[in-house]
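Data block for coords28.cif (mmCIF, C-alpha atoms and all ligand atoms):
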```cif
data_entry
#
loop_
_atom_site.label_atom_id
_atom_site.label_comp_id
_atom_site.auth_asym_id
_atom_site.auth_seq_id
_atom_site.Cartn_x
_atom_site.Cartn_y
_atom_site.Cartn_z
CA MET A 1 119.75 80.98 126.11
CA MET A 2 118.27 79.54 129.31
CA VAL A 3 114.92 77.88 128.75
CA SER A 4 112.65 77.82 131.77
CA SER A 5 110.33 74.95 132.54
CA ARG A 6 107.49 77.51 132.41
CA LYS A 7 108.24 78.26 128.80
CA GLN A 8 108.85 74.65 127.84
CA LYS A 9 105.27 74.07 128.83
CA PHE A 10 103.96 76.95 126.70
CA GLY A 11 103.39 76.03 123.10
CA CYS A 12 102.33 78.13 120.14
CA VAL A 13 100.78 77.05 116.86
CA VAL A 14 102.12 78.92 113.83
CA THR A 15 100.04 78.41 110.69
CA GLY A 16 101.86 79.30 107.48
CA VAL A 17 105.14 78.32 109.16
CA ALA A 18 106.84 77.48 105.84
CA GLY A 19 106.09 80.95 104.52
CA PHE A 20 108.12 84.13 104.57
CA VAL A 21 106.81 85.68 107.81
CA GLY A 22 105.78 82.43 109.55
CA SER A 23 109.31 81.03 109.33
CA HIS A 24 110.78 84.15 110.96
CA LEU A 25 108.16 84.03 113.71
CA ALA A 26 108.83 80.36 114.45
CA GLU A 27 112.57 81.00 114.60
CA ARG A 28 112.06 83.78 117.16
CA LEU A 29 109.59 81.85 119.32
CA LEU A 30 112.00 78.92 119.50
CA SER A 31 114.89 81.20 120.40
CA MET A 32 112.76 82.65 123.22
CA GLY A 33 112.22 79.16 124.64
CA TYR A 34 108.64 78.49 123.48
CA SER A 35 107.68 75.29 121.75
CA VAL A 36 106.28 75.67 118.24
CA ILE A 37 103.80 73.49 116.40
CA GLY A 38 104.02 74.52 112.77
CA VAL A 39 101.29 73.91 110.19
CA ASP A 40 101.60 74.41 106.44
CA ASN A 41 100.42 72.72 103.24
CA PHE A 42 103.14 74.28 101.01
CA TYR A 43 100.58 76.17 99.00
CA SER A 44 103.02 79.08 98.68
CA GLY A 45 105.62 78.16 101.33
CA TYR A 46 108.81 76.12 101.06
CA ARG A 47 110.54 73.49 103.17
CA GLU A 48 113.80 75.39 102.72
CA ASN A 49 112.34 78.30 104.73
CA MET A 50 112.29 75.99 107.77
CA VAL A 51 115.88 74.73 107.42
CA SER A 52 117.25 76.72 110.38
CA PHE A 53 114.75 75.26 112.87
CA LYS A 54 113.26 72.07 111.43
CA ASP A 55 115.40 69.89 113.73
CA HIS A 56 114.93 72.03 116.83
CA PRO A 57 113.77 69.79 119.71
CA GLU A 58 110.88 72.15 120.51
CA PHE A 59 109.59 72.26 116.92
CA THR A 60 107.03 69.88 115.42
CA PHE A 61 105.73 70.22 111.90
CA TYR A 62 102.38 69.08 110.47
CA GLU A 63 101.74 69.13 106.74
CA ARG A 64 98.05 69.95 107.07
CA SER A 65 95.59 72.46 105.68
CA ILE A 66 94.02 75.09 107.90
CA THR A 67 90.70 74.07 106.33
CA ASP A 68 90.91 70.64 108.06
CA PRO A 69 88.08 70.43 110.60
CA GLN A 70 89.08 70.31 114.28
CA LEU A 71 92.71 71.10 113.45
CA LEU A 72 93.53 72.93 116.71
CA VAL A 73 91.57 70.47 118.85
CA GLN A 74 93.59 67.61 117.36
CA LEU A 75 96.88 69.43 117.82
CA LYS A 76 96.01 70.24 121.43
CA GLU A 77 95.32 66.53 122.11
CA ARG A 78 98.85 65.73 120.93
CA HIS A 79 100.47 68.83 122.44
CA PRO A 80 98.73 69.72 125.71
CA GLU A 81 101.22 72.60 126.16
CA LEU A 82 99.51 74.59 123.35
CA ARG A 83 98.21 77.90 124.66
CA CYS A 84 98.32 80.28 121.74
CA CYS A 85 97.78 80.44 117.97
CA PHE A 86 99.46 82.70 115.43
CA HIS A 87 97.37 82.35 112.30
CA LEU A 88 99.28 83.43 109.20
CA ALA A 89 98.37 80.81 106.59
CA ALA A 90 96.36 82.29 103.75
CA ILE A 91 95.94 82.59 100.03
CA VAL A 92 98.23 85.59 99.66
CA SER A 93 97.93 86.38 95.98
CA VAL A 94 95.55 89.25 95.28
CA PRO A 95 95.26 88.42 91.53
CA TYR A 96 94.54 84.76 92.38
CA SER A 97 91.83 85.87 94.81
CA MET A 98 90.12 87.81 91.98
CA GLU A 99 89.92 84.64 89.91
CA HIS A 100 89.00 82.38 92.82
CA PRO A 101 86.81 84.38 95.19
CA GLU A 102 85.07 81.37 96.76
CA GLU A 103 88.25 79.48 97.51
CA THR A 104 89.74 82.68 98.95
CA MET A 105 86.73 83.13 101.24
CA GLU A 106 86.95 79.53 102.39
CA VAL A 107 90.67 79.63 103.21
CA ASN A 108 91.08 83.23 104.37
CA TYR A 109 87.75 83.75 106.13
CA THR A 110 85.83 80.54 106.96
CA ALA A 111 88.92 78.60 108.08
CA THR A 112 89.96 81.56 110.25
CA LEU A 113 86.55 81.59 111.96
CA ASN A 114 86.84 77.88 112.68
CA LEU A 115 90.35 78.23 114.13
CA LEU A 116 89.19 81.18 116.23
CA LYS A 117 86.24 79.18 117.55
CA GLU A 118 88.49 76.26 118.45
CA SER A 119 91.03 78.50 120.15
CA ASN A 120 88.23 79.99 122.30
CA GLN A 121 86.97 76.51 123.10
CA LEU A 122 90.50 75.48 124.11
CA ASP A 123 90.84 78.62 126.25
CA PHE A 124 93.96 79.80 124.43
CA LYS A 125 95.70 82.85 125.90
CA ALA A 126 95.81 84.54 122.50
CA PHE A 127 94.77 84.10 118.86
CA VAL A 128 96.77 86.47 116.67
CA PHE A 129 95.67 86.86 113.06
CA ALA A 130 97.52 88.28 110.05
CA GLY A 131 95.24 91.02 108.78
CA SER A 132 96.23 93.31 105.93
CA ALA A 133 96.35 96.89 104.73
CA ALA A 134 94.24 95.56 101.82
CA GLU A 135 91.30 95.82 104.23
CA TYR A 136 91.37 99.59 103.59
CA GLY A 137 90.76 99.10 99.86
CA ASN A 138 90.55 102.39 98.07
CA GLU A 139 90.45 104.57 101.19
CA GLN A 140 92.09 107.91 100.35
CA ARG A 141 92.47 109.48 103.80
CA LEU A 142 96.00 109.17 105.18
CA PRO A 143 97.38 107.99 107.48
CA LEU A 144 95.01 105.05 107.66
CA TYR A 145 93.34 104.70 111.05
CA GLU A 146 91.88 101.34 112.02
CA GLU A 147 88.36 102.81 112.09
CA TYR A 148 88.52 103.72 108.39
CA ALA A 149 87.95 100.11 107.30
CA THR A 150 84.22 99.42 107.56
CA SER A 151 81.73 97.21 105.79
CA ALA A 152 81.08 100.17 103.45
CA THR A 153 84.74 100.44 102.37
CA GLU A 154 85.31 99.84 98.67
CA ARG A 155 87.68 96.89 98.78
CA LEU A 156 89.61 96.00 95.64
CA SER A 157 89.78 92.22 95.92
CA PRO A 158 88.26 89.16 97.60
CA TYR A 159 91.62 88.94 99.42
CA GLY A 160 90.97 92.31 101.08
CA GLU A 161 87.33 91.48 101.79
CA ALA A 162 88.11 88.10 103.37
CA LYS A 163 90.85 89.67 105.53
CA PHE A 164 88.44 92.40 106.64
CA LEU A 165 85.66 89.98 107.61
CA ALA A 166 88.12 87.77 109.47
CA SER A 167 89.72 90.74 111.28
CA VAL A 168 86.33 91.95 112.51
CA SER A 169 85.52 88.53 114.01
CA VAL A 170 88.98 88.04 115.49
CA GLY A 171 89.14 91.58 116.89
CA ALA A 172 85.78 91.18 118.64
CA SER A 173 86.73 87.85 120.21
CA PRO A 174 87.84 87.97 123.89
CA ARG A 175 91.43 86.80 123.25
CA GLY A 176 91.70 87.62 119.54
CA VAL A 177 93.97 90.23 117.95
CA SER A 178 94.19 91.12 114.28
CA LEU A 179 97.33 92.87 113.10
CA ARG A 180 96.87 94.70 109.82
CA PHE A 181 100.28 94.52 108.22
CA PHE A 182 101.44 97.01 105.63
CA ASN A 183 104.22 96.11 103.15
CA ILE A 184 106.47 93.56 104.84
CA TYR A 185 109.93 92.87 103.41
CA GLY A 186 113.02 90.92 104.36
CA PRO A 187 114.99 87.72 103.76
CA ARG A 188 113.03 84.73 102.40
CA GLN A 189 110.35 86.83 100.73
CA ASP A 190 109.60 85.06 97.50
CA PRO A 191 110.02 87.31 94.46
CA ARG A 192 108.16 84.75 92.33
CA SER A 193 104.84 85.34 94.06
CA PRO A 194 102.51 87.79 92.31
CA TYR A 195 101.68 89.23 95.72
CA SER A 196 105.31 89.70 96.65
CA GLY A 197 106.24 93.20 97.49
CA VAL A 198 108.17 95.45 95.19
CA ILE A 199 111.26 95.15 97.43
CA SER A 200 111.81 91.44 96.82
CA LYS A 201 111.21 91.93 93.10
CA PHE A 202 113.73 94.81 92.96
CA MET A 203 116.28 92.78 94.94
CA ASP A 204 115.92 89.83 92.61
CA LEU A 205 116.38 92.03 89.54
CA ALA A 206 119.27 93.98 91.09
CA VAL A 207 121.31 90.89 91.96
CA GLN A 208 120.83 89.64 88.42
CA GLY A 209 121.97 93.03 87.07
CA LYS A 210 118.61 93.56 85.34
CA PRO A 211 116.75 96.90 85.13
CA LEU A 212 114.28 97.64 87.92
CA ASN A 213 110.68 97.61 86.68
CA ILE A 214 108.60 100.55 87.87
CA PHE A 215 104.89 100.59 87.13
CA GLY A 216 103.66 104.15 86.45
CA ASP A 217 105.73 107.18 87.44
CA GLY A 218 107.21 105.66 90.61
CA MET A 219 105.66 108.33 92.81
CA GLN A 220 103.26 105.84 94.41
CA THR A 221 104.15 105.38 98.09
CA ARG A 222 104.08 102.47 100.50
CA ASP A 223 104.71 101.90 104.20
CA PHE A 224 107.51 99.30 104.20
CA ILE A 225 108.12 97.35 107.40
CA TYR A 226 111.01 94.99 108.05
CA VAL A 227 110.14 91.42 108.99
CA SER A 228 111.86 91.41 112.41
CA ASP A 229 109.70 94.39 113.45
CA VAL A 230 106.67 92.37 112.35
CA VAL A 231 107.84 89.45 114.49
CA ASP A 232 108.22 91.84 117.46
CA ALA A 233 104.63 92.93 116.86
CA TYR A 234 103.36 89.33 116.95
CA ILE A 235 105.23 88.67 120.20
CA ALA A 236 103.88 91.87 121.77
CA ALA A 237 100.31 91.16 120.63
CA ALA A 238 100.36 87.72 122.26
CA GLY A 239 101.87 89.15 125.46
CA LEU A 240 104.92 86.85 125.27
CA GLN A 241 108.24 87.94 126.68
CA GLU A 242 111.92 87.11 126.99
CA GLU A 243 112.89 85.20 130.10
CA ASP A 244 114.46 88.09 131.97
CA SER A 245 112.64 91.07 130.48
CA LYS A 246 110.13 93.17 132.36
CA PRO A 247 106.47 92.16 132.07
CA VAL A 248 104.83 93.22 128.83
CA ARG A 249 101.64 95.22 128.57
CA ASP A 250 98.57 93.02 128.19
CA ILE A 251 96.82 94.13 125.02
CA PHE A 252 93.47 92.83 126.27
CA THR A 253 93.43 95.37 129.09
CA SER A 254 93.50 98.27 126.61
CA ASP A 255 90.26 100.22 126.33
CA ARG A 256 89.58 99.34 122.70
CA THR A 257 86.41 97.43 121.99
CA SER A 258 87.96 95.69 119.01
CA HIS A 259 91.52 94.42 118.98
CA ILE A 260 92.43 95.33 115.42
CA TYR A 261 95.70 97.19 115.00
CA ASN A 262 97.78 98.51 112.14
CA VAL A 263 101.39 97.39 111.99
CA GLY A 264 103.59 99.56 109.82
CA THR A 265 106.25 102.21 110.35
CA GLY A 266 103.92 105.16 109.86
CA LYS A 267 106.37 106.45 107.23
CA THR A 268 106.11 106.33 103.48
CA THR A 269 108.63 105.80 100.71
CA SER A 270 108.01 106.24 97.02
CA VAL A 271 108.81 103.36 94.71
CA LEU A 272 111.23 105.65 92.85
CA ASP A 273 113.12 106.52 96.06
CA LEU A 274 113.21 102.86 96.93
CA ALA A 275 114.78 102.05 93.56
CA LYS A 276 117.37 104.81 94.05
CA SER A 277 118.24 103.58 97.57
CA LEU A 278 118.76 100.11 96.19
CA GLN A 279 120.94 101.43 93.37
CA GLN A 280 123.13 103.10 96.01
CA LEU A 281 123.36 99.94 98.09
CA VAL A 282 124.24 97.74 95.15
CA GLY A 283 126.76 100.34 94.05
CA LYS A 284 125.61 100.10 90.46
CA ASP A 285 123.19 102.26 88.55
CA GLU A 286 120.75 99.58 87.50
CA SER A 287 118.64 101.21 84.83
CA LEU A 288 115.02 101.88 85.63
CA LEU A 289 112.37 100.55 83.30
CA PHE A 290 109.12 102.52 83.47
CA LEU A 291 106.11 100.38 82.56
CA PRO A 292 102.42 101.33 82.30
CA GLU A 293 100.59 101.75 85.60
CA ARG A 294 98.91 98.55 86.80
CA ALA A 295 95.13 98.53 87.09
CA GLY A 296 93.96 98.22 90.68
CA ASP A 297 97.17 99.51 92.28
CA ILE A 298 96.49 101.99 95.05
CA ARG A 299 98.41 105.27 94.87
CA HIS A 300 99.43 105.79 98.50
CA SER A 301 99.43 103.77 101.68
CA GLN A 302 100.49 104.78 105.19
CA ALA A 303 99.60 103.28 108.54
CA SER A 304 98.67 105.11 111.67
CA VAL A 305 100.46 103.05 114.31
CA GLU A 306 99.40 104.98 117.40
CA ALA A 307 96.86 102.44 118.62
CA PHE A 308 99.22 99.46 118.64
CA GLN A 309 102.01 101.51 120.19
CA LYS A 310 99.66 102.64 122.95
CA ALA A 311 98.33 99.14 123.59
CA THR A 312 101.69 97.35 123.71
CA GLY A 313 104.58 99.81 123.67
CA TRP A 314 105.78 98.24 120.39
CA ARG A 315 107.43 100.34 117.72
CA ALA A 316 109.25 99.56 114.49
CA LYS A 317 113.00 99.75 115.09
CA THR A 318 114.61 98.97 111.73
CA SER A 319 115.43 101.81 109.35
CA LEU A 320 114.69 101.25 105.68
CA ARG A 321 118.41 101.39 104.93
CA ASP A 322 119.29 98.71 107.51
CA GLY A 323 116.39 96.53 106.44
CA LEU A 324 117.33 96.83 102.77
CA THR A 325 120.96 96.03 103.55
CA LYS A 326 120.03 92.82 105.42
CA THR A 327 117.57 91.82 102.72
CA LEU A 328 120.09 92.45 99.97
CA GLN A 329 122.70 90.33 101.76
CA TRP A 330 120.26 87.44 101.79
CA PHE A 331 119.38 87.84 98.12
CA MET A 332 123.06 87.94 97.24
CA GLN A 333 123.67 84.72 99.20
CA GLN A 334 120.89 83.14 97.14
CA GLY A 335 122.70 84.27 94.01
CA GLY A 336 123.30 80.73 92.84
CA ARG A 337 119.70 79.70 93.39
CA ASP A 338 117.31 79.95 90.49
CA LEU A 339 114.50 82.25 91.60
CA SER A 340 113.02 82.80 88.17
N1 LIG B 401 104.00 89.89 103.14
C1 LIG B 401 103.26 90.99 103.30
O1 LIG B 401 103.64 92.09 102.91
C2 LIG B 401 101.93 90.89 104.01
C3 LIG B 401 101.20 92.08 104.21
C4 LIG B 401 99.97 91.98 104.86
C5 LIG B 401 99.51 90.77 105.31
N2 LIG B 401 100.22 89.64 105.09
C6 LIG B 401 99.69 88.37 105.58
O2 LIG B 401 100.68 87.73 106.37
C7 LIG B 401 100.54 86.31 106.26
C8 LIG B 401 101.87 85.69 105.88
O3 LIG B 401 102.24 86.19 104.60
P1 LIG B 401 103.63 85.84 103.89
O4 LIG B 401 104.07 87.07 103.21
O5 LIG B 401 104.51 85.17 104.84
O6 LIG B 401 103.13 84.83 102.74
P2 LIG B 401 103.64 83.36 102.37
O7 LIG B 401 102.94 82.97 101.12
O8 LIG B 401 105.12 83.31 102.37
O9 LIG B 401 103.10 82.50 103.60
C9 LIG B 401 101.80 81.98 103.67
C10 LIG B 401 101.92 80.52 104.07
O10 LIG B 401 100.61 79.96 104.26
C11 LIG B 401 100.62 78.64 103.70
N3 LIG B 401 99.24 78.24 103.39
C12 LIG B 401 98.43 78.77 102.44
N4 LIG B 401 97.25 78.13 102.44
C13 LIG B 401 97.31 77.19 103.40
C14 LIG B 401 96.40 76.21 103.89
N5 LIG B 401 95.17 76.06 103.36
N6 LIG B 401 96.78 75.41 104.92
C15 LIG B 401 98.04 75.52 105.46
N7 LIG B 401 98.95 76.42 105.03
C16 LIG B 401 98.58 77.26 104.01
C17 LIG B 401 101.52 78.75 102.49
O11 LIG B 401 101.99 77.51 102.02
C18 LIG B 401 102.61 79.66 103.01
O12 LIG B 401 103.68 78.93 103.59
C19 LIG B 401 99.43 86.06 105.25
O13 LIG B 401 98.23 85.83 105.95
C20 LIG B 401 99.36 87.38 104.50
O14 LIG B 401 98.08 87.58 103.97
C21 LIG B 401 101.44 89.66 104.45
#
```
Take the structure in the file and give it back as structure tokens.
Amino acid sequence: MMVSSRKQKFGCVVTGVAGFVGSHLAERLLSMGYSVIGVDNFYSGYRENMVSFKDHPEFTFYERSITDPQLLVQLKERHPELRCCFHLAAIVSVPYSMEHPEETMEVNYTATLNLLKESNQLDFKAFVFAGSAAEYGNEQRLPLYEEYATSATERLSPYGEAKFLASVSVGASPRGVSLRFFNIYGPRQDPRSPYSGVISKFMDLAVQGKPLNIFGDGMQTRDFIYVSDVVDAYIAAAGLQEEDSKPVRDIFTSDRTSHIYNVGTGKTTSVLDLAKSLQQLVGKDESLLFLPERAGDIRHSQASVEAFQKATGWRAKTSLRDGLTKTLQWFMQQGGRDLS
């Protein structure tokens, strides 16, 4: 693809670049002609996630923590082309956050505030933060509208609380956007992580020919969104565009007072239906193993995606079947790799 001099001079920081979503975002930004400064401390990410772009001439990697003071200021000194920050790095394990609430607050909230402050100081065009559906805690009304998460919401973990506090600050900042992601899935999602979605766990079990573990009756539902749709959402939120595409809608001109948006499909799938779809794809009837319900699991989750669609024109394009097929292909290619 043609890379314009305009884009060569536009750099983006991606924190959490060695992670599942961050690596897909970096790959896309590079393919669009932007330069990418990636930051990660390998807390839950892997070097192998960056294999496809680590040698790209427009990619530079820093093994740093997002808690390092003046991180963005220092990066901007070295890379004057930096104009935008995608902040994805976080402690992503909900169970870990329960055991380590202070560390979770420091990494997921305080560090985010510092990065936001620095990006304002540096006059960045956009600061896009990875919020989470966990910000809605035990909210029962569905679909979930952005306004439902308030300081009075009963959140189920320090992870959810830290994400909520960070989202509120980011969303109120002049060039800040928080995207509250629902259940993301796709290649490179790590089935070993306790936070990892049910899809990566099912895939891992299916390729090993093991029974699929279902907690409870399987009738719990989730809003599953494929990773490339998530990447599209990041690009739209920051107002970036392909070289020859028509100008994108500027999210900051929308009439919302706070730029916090759900990113999901707006559709729900039960865990049991998911297991059956996967059985069909694999072409084998993996047996289902029903285990006791897990404490703290929410029953249903579904995003309202109207606000983000209205602000940017974005919509999720990948069907669950297509997304599962691509994800399964990747897991099968990893067949020889030990993921246990
Ligand atoms: N995957 C999902 O379904 C989902 C849903 C909602 C929100 N999110 C959010 O999206 C973001 C990306 O999630 P993911 O699924 O790619 O997880 P991931 O664990 O694959 O990626 C997170 C990355 O952040 C890095 N990191 C953690 N602490 C760091 C620190 N102090 N300094 C530098 N790097 C650090 C990790 O090493 C890892 O590479 C996270 O903020 C997560 O909370 C994910």
Nearby residues, ligand LIG 401 (chain B), 6 Å, only C-alpha atoms and all ligand atoms, as a PDB file with C-alpha atoms, in the frame of the given file:
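Writing the result to selection.pdb gives the following:
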```pdb
ATOM      1  CA  GLY A  16     101.860  79.300 107.480  1.00  0.00           C
ATOM      2  CA  VAL A  17     105.140  78.320 109.160  1.00  0.00           C
ATOM      3  CA  ALA A  18     106.840  77.480 105.840  1.00  0.00           C
ATOM      4  CA  GLY A  19     106.090  80.950 104.520  1.00  0.00           C
ATOM      5  CA  PHE A  20     108.120  84.130 104.570  1.00  0.00           C
ATOM      6  CA  VAL A  21     106.810  85.680 107.810  1.00  0.00           C
ATOM      7  CA  GLY A  22     105.780  82.430 109.550  1.00  0.00           C
ATOM      8  CA  VAL A  39     101.290  73.910 110.190  1.00  0.00           C
ATOM      9  CA  ASP A  40     101.600  74.410 106.440  1.00  0.00           C
ATOM     10  CA  ASN A  41     100.420  72.720 103.240  1.00  0.00           C
ATOM     11  CA  PHE A  42     103.140  74.280 101.010  1.00  0.00           C
ATOM     12  CA  TYR A  43     100.580  76.170  99.000  1.00  0.00           C
ATOM     13  CA  SER A  44     103.020  79.080  98.680  1.00  0.00           C
ATOM     14  CA  GLY A  45     105.620  78.160 101.330  1.00  0.00           C
ATOM     15  CA  ARG A  64      98.050  69.950 107.070  1.00  0.00           C
ATOM     16  CA  SER A  65      95.590  72.460 105.680  1.00  0.00           C
ATOM     17  CA  ILE A  66      94.020  75.090 107.900  1.00  0.00           C
ATOM     18  CA  THR A  67      90.700  74.070 106.330  1.00  0.00           C
ATOM     19  CA  LEU A  88      99.280  83.430 109.200  1.00  0.00           C
ATOM     20  CA  ALA A  89      98.370  80.810 106.590  1.00  0.00           C
ATOM     21  CA  ALA A  90      96.360  82.290 103.750  1.00  0.00           C
ATOM     22  CA  ILE A  91      95.940  82.590 100.030  1.00  0.00           C
ATOM     23  CA  VAL A  92      98.230  85.590  99.660  1.00  0.00           C
ATOM     24  CA  VAL A 107      90.670  79.630 103.210  1.00  0.00           C
ATOM     25  CA  ALA A 130      97.520  88.280 110.050  1.00  0.00           C
ATOM     26  CA  GLY A 131      95.240  91.020 108.780  1.00  0.00           C
ATOM     27  CA  SER A 132      96.230  93.310 105.930  1.00  0.00           C
ATOM     28  CA  PHE A 181     100.280  94.520 108.220  1.00  0.00           C
ATOM     29  CA  PHE A 182     101.440  97.010 105.630  1.00  0.00           C
ATOM     30  CA  ASN A 183     104.220  96.110 103.150  1.00  0.00           C
ATOM     31  CA  ILE A 184     106.470  93.560 104.840  1.00  0.00           C
TER      32      ILE A 184
END
```
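Pairwise distance (CA of Gly137 (chain A), CA of Gly160 (chain A)) equals 6.9 Å.
Using all atoms listed in the file, the smallest distance between any of A:His300, A:Lys9, A:Arg180, A:Arg315 and Arg141 (chain A) comes from A:His300.
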Task: Nearby residues (only C-alpha atoms) at most 12 Å from Val177 (chain A), same-chain spacing under 3 positions excluded, as a ChimeraX atom specification - done: /A:84-87,116,125-131,166-174,180,233-239,250-252,254,256-263,308,311-312
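Among the candidate residues A:Leu142, A:Ala316, A:Val36, A:Leu113, the one lying nearest to Lys54 (chain A) is A:Val36, with distances computed using all atoms listed in the file.
Distances from A:Gln280, A:Thr269, A:Thr253, A:Gln140 to Lys310 (chain A) were compared using all atoms listed in the file, and the smallest one belongs to A:Thr253.
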TODO: Please provide the set of residues having any atom within 6 Å of Phe215 (chain A), restricted to only C-alpha atoms, with same-chain residues fewer than 2 positions apart removed, written as a VMD selection string.
DONE: chain A and resid 290 to 293
Open item on the list: With distances taken over all atoms listed in the file, which residue among A:Ala111, A:Leu272, A:Ala206, A:Leu278 lies nearest Ala162 (chain A)?
Closed with: A:Ala111
Open item on the list: Which residues are near region 77-79 of chain A? Cut-off 10 Å, all atoms listed in the file, ignore same chain within fewer than 5 positions. Put them as a PyMOL selection string.
Closed with: chain A and resi 9-13+35-37+60+72
Would you mind exporting the chosen residues as a CSV table (one decimal), in the frame of the given file, restricted to C-alpha atoms?
```csv
chain,number,residue,atom,x,y,z
A,9,LYS,CA,105.3,74.1,128.8
A,10,PHE,CA,104.0,77.0,126.7
A,11,GLY,CA,103.4,76.0,123.1
A,12,CYS,CA,102.3,78.1,120.1
A,13,VAL,CA,100.8,77.0,116.9
A,35,SER,CA,107.7,75.3,121.8
A,36,VAL,CA,106.3,75.7,118.2
A,37,ILE,CA,103.8,73.5,116.4
A,60,THR,CA,107.0,69.9,115.4
A,72,LEU,CA,93.5,72.9,116.7
```
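Each of A:Asp255, A:Pro143, A:Leu289, A:Val198 was compared to Ile214 (chain A) using only C-alpha atoms, and A:Leu289 turns out to be the nearest.
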TODO: Could you please determine the separation between CA of Asp204 (chain A) and CA of Ile225 (chain A) in Å, to one decimal place?
DONE: 18.3 Å
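Taking CA of Gln241 (chain A) and CA of Asp55 (chain A) as the two end points, the separation is 23.3 Å.
With all atoms listed in the file as the basis for measurement, A:Arg188 is the residue among A:Lys284, A:Lys246, A:Lys201, A:Arg188 that approaches Trp330 (chain A) most closely.
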- [ ] Considering all atoms listed in the file, return as a list in words whatever protein or nucleic-acid residues lie within 6 Å of Asp223 (chain A), sequence-local ones (same chain, fewer than 4 positions apart) excluded.
- [x] Asn183, Lys267, Thr268 and Gln302 of chain A
Task: Nearby residues, (121.3, 91.8, 93.9) file frame, 7 Å, only C-alpha atoms, as a PyMOL selection string - done: chain A and resi 203-209+282+328+331-332
For the residues selected in the previous step, produce a file with C-alpha atoms as a short mmCIF file (atom, residue, chain, number, x, y, z; two decimals), keeping the file's coordinate frame.
```
data_model
loop_
_atom_site.label_atom_id
_atom_site.label_comp_id
_atom_site.auth_asym_id
_atom_site.auth_seq_id
_atom_site.Cartn_x
_atom_site.Cartn_y
_atom_site.Cartn_z
CA MET A 203 116.28 92.78 94.94
CA ASP A 204 115.92 89.83 92.61
CA LEU A 205 116.38 92.03 89.54
CA ALA A 206 119.27 93.98 91.09
CA VAL A 207 121.31 90.89 91.96
CA GLN A 208 120.83 89.64 88.42
CA GLY A 209 121.97 93.03 87.07
CA VAL A 282 124.24 97.74 95.15
CA LEU A 328 120.09 92.45 99.97
CA PHE A 331 119.38 87.84 98.12
CA MET A 332 123.06 87.94 97.24
#
```
